[in-house]
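Let me begin by presenting the structure, written as structure tokens, before commenting on it.
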Amino acid sequence: QVQLVESGGGLVQPGGSLRLSCAVSVSIFSINAMGWYRQAPGKQRELVATITRGGGIAYEDSVKGRFTISRDNTKNTMYLQMNTLKPDDTAVYYCYADRIGLGYWGTGTLVTVSS
């Protein structure tokens, strides 16, 4: 069983920054791949960024150059640094982990980008 706990969401003005964290209850080395998803009101959940155990990284096109996914293996934590935030980035952000073919989700953290 893997537990994921997100934090770092909140209200930010357009152009601002936030850093989301996802604390993992097991060794991050046992995780095949991790990622961040988001779900805006009235929309489907979409993939934002992924990072594999080998360090491979991918981003959804709309966040390339603005968001950075990373992890700290010593803290069993994954991060999403979000810069130059736009109102369209408003959503609940979820942490996801794939471990031995099983998927696990956090409960989400709300990011609101508004003036």
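Identifiers in this document derive from the order of the structure tokens: chains are assigned A, B, ..., residues are numbered from 1 separately in each chain, and ligands are numbered from 1 in order of occurrence.
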
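For Gly54 in chain A, the list of residues within 10 Å, based on only C-alpha atoms and with local chain neighbours fewer than 6 positions off taken out, reads A:Phe29, A:Asn32, A:Ala33.
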
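Within the 6 Å cut-off around Tyr37 in chain A, using only C-alpha atoms and omitting residues fewer than 2 positions from it on the same chain, the listed residues are Glu46, Leu47, Val48, Tyr93 and Tyr94 of chain A.
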
If you keep N, CA, C and O atoms, can you produce a file of those selected residues as a PDB file, in the first residue's frame?
```pdb
ATOM      1  N   GLU A  46      -6.339  15.569 -16.257  1.00  0.00           N
ATOM      2  CA  GLU A  46      -5.321  15.516 -17.293  1.00  0.00           C
ATOM      3  C   GLU A  46      -3.929  15.400 -16.683  1.00  0.00           C
ATOM      4  O   GLU A  46      -3.672  15.886 -15.575  1.00  0.00           O
ATOM      5  N   LEU A  47      -3.055  14.765 -17.450  1.00  0.00           N
ATOM      6  CA  LEU A  47      -1.680  14.599 -17.011  1.00  0.00           C
ATOM      7  C   LEU A  47      -0.931  15.916 -17.170  1.00  0.00           C
ATOM      8  O   LEU A  47      -1.042  16.587 -18.198  1.00  0.00           O
ATOM      9  N   VAL A  48      -0.170  16.290 -16.162  1.00  0.00           N
ATOM     10  CA  VAL A  48       0.621  17.525 -16.198  1.00  0.00           C
ATOM     11  C   VAL A  48       2.093  17.216 -16.423  1.00  0.00           C
ATOM     12  O   VAL A  48       2.745  17.803 -17.288  1.00  0.00           O
ATOM     13  N   TYR A  93      -4.863  19.597  -8.040  1.00  0.00           N
ATOM     14  CA  TYR A  93      -3.680  18.873  -8.501  1.00  0.00           C
ATOM     15  C   TYR A  93      -3.514  17.603  -7.671  1.00  0.00           C
ATOM     16  O   TYR A  93      -3.536  17.658  -6.439  1.00  0.00           O
ATOM     17  N   TYR A  94      -3.332  16.486  -8.389  1.00  0.00           N
ATOM     18  CA  TYR A  94      -3.220  15.181  -7.763  1.00  0.00           C
ATOM     19  C   TYR A  94      -1.851  14.574  -8.027  1.00  0.00           C
ATOM     20  O   TYR A  94      -1.317  14.650  -9.139  1.00  0.00           O
TER      21      TYR A  94
END
```

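For the residues A:Gln39, A:Thr50, A:Thr74, A:Ser62, ranking by smallest atom-to-atom distance to Ala97 in chain A using only C-alpha atoms places A:Thr50 first.
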
Polymer residues at most 12 Å from Lys43 in chain A, only C-alpha atoms, same-chain spacing of 6 or more positions, as a ChimeraX atom specification: /A:88,90-92

File dump, residues just selected, N, CA, C and O atoms, as a PDB file, in the first residue's frame:
```pdb
ATOM      1  N   ASP A  88      -5.869  29.609 -16.294  1.00  0.00           N
ATOM      2  CA  ASP A  88      -6.180  28.277 -16.810  1.00  0.00           C
ATOM      3  C   ASP A  88      -5.503  27.155 -16.034  1.00  0.00           C
ATOM      4  O   ASP A  88      -5.843  25.986 -16.222  1.00  0.00           O
ATOM      5  N   THR A  90      -5.783  26.882 -12.890  1.00  0.00           N
ATOM      6  CA  THR A  90      -6.642  26.623 -11.737  1.00  0.00           C
ATOM      7  C   THR A  90      -7.229  25.220 -11.814  1.00  0.00           C
ATOM      8  O   THR A  90      -7.845  24.851 -12.816  1.00  0.00           O
ATOM      9  N   ALA A  91      -6.993  24.431 -10.769  1.00  0.00           N
ATOM     10  CA  ALA A  91      -7.444  23.040 -10.756  1.00  0.00           C
ATOM     11  C   ALA A  91      -7.081  22.414  -9.420  1.00  0.00           C
ATOM     12  O   ALA A  91      -6.316  22.986  -8.637  1.00  0.00           O
ATOM     13  N   VAL A  92      -7.630  21.241  -9.185  1.00  0.00           N
ATOM     14  CA  VAL A  92      -7.137  20.392  -8.109  1.00  0.00           C
ATOM     15  C   VAL A  92      -5.996  19.561  -8.686  1.00  0.00           C
ATOM     16  O   VAL A  92      -6.176  18.910  -9.732  1.00  0.00           O
TER      17      VAL A  92
END
```

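Coordinates place CA of Gly8 in chain A at a distance of 23.9 Å from CA of Arg99 in chain A.
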
Members of chain A assigned helix (DSSP H, G or I) by DSSP, as number ranges by chain: A: 28-30, 61-63, 87-89

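Nearest residue to Gly108 in chain A among A:Pro41, A:Tyr96, A:Asn76, A:Pro87 is A:Tyr96, counting only C-alpha atoms.
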
Fewer than 5 positions away in the same chain doesn't count, so skip those; otherwise give me all residues within 12 Å of Gly106 in chain A, counting only C-alpha atoms, as a compact mmCIF listing (two decimals) with C-alpha atoms, in the first residue's frame.
```txt
# COMPACT_ATOMS: atom_id res chain seq x y z
CA VAL A 2 1.26 3.46 -0.92
CA GLN A 3 -0.03 6.66 0.59
CA LEU A 4 0.47 9.98 -1.14
CA VAL A 5 -0.09 13.32 0.56
CA GLU A 6 -0.06 16.54 -1.45
CA SER A 7 0.55 19.98 -0.05
CA SER A 21 4.87 18.61 -2.69
CA CYS A 22 3.85 14.96 -2.66
CA ALA A 23 5.05 12.94 0.32
CA VAL A 24 5.28 9.19 -0.36
CA SER A 25 4.82 6.61 2.42
CA MET A 34 5.24 9.25 -10.55
CA GLY A 35 3.33 12.17 -11.87
CA TRP A 36 1.11 15.14 -11.34
CA TYR A 37 -2.39 15.34 -12.75
CA ARG A 38 -4.91 18.13 -12.50
CA VAL A 92 -7.14 20.39 -8.11
CA TYR A 93 -3.68 18.87 -8.50
CA TYR A 94 -3.22 15.18 -7.76
CA CYS A 95 -0.11 13.15 -7.13
CA TYR A 96 0.04 9.72 -8.78
CA ALA A 97 2.41 6.79 -8.28
```

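Counting from CA of Asp72 in chain A, the distance to CA of Thr84 in chain A is 23.2 Å.
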
Strand (DSSP E or B) residues, from DSSP on the backbone, in chain A, as number ranges by chain: A: 4-7, 10-12, 18-24, 33-39, 46-52, 57-59, 67-72, 77-82, 91-99, 102-105, 109-113

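For Gly10 in chain A, the set of protein, DNA and RNA residues having any atom at most 8 Å away, when counting only C-alpha atoms and skipping those fewer than 3 positions along the same chain, is Thr109, Leu110, Val111 and Thr112 of chain A.
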
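Of the residues listed (A:Ile31, A:Leu20, A:Ala40, A:Ala58), A:Leu20 shows the shortest atom-to-atom separation from Asn83 in chain A; distances use only C-alpha atoms.
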
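The spacing separating CA of Ser114 in chain A from CA of Pro14 in chain A amounts to 6.0 Å.
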
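Shortest atom-to-atom contact with Gly16 in chain A among A:Gly103, A:Lys75, A:Ile51, A:Phe67: A:Phe67, counting only C-alpha atoms.
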
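The smallest atom-to-atom distance between Glu60 in chain A and any of A:Asp89, A:Ser30, A:Asp98, A:Met78, using only C-alpha atoms, is found for A:Asp89.
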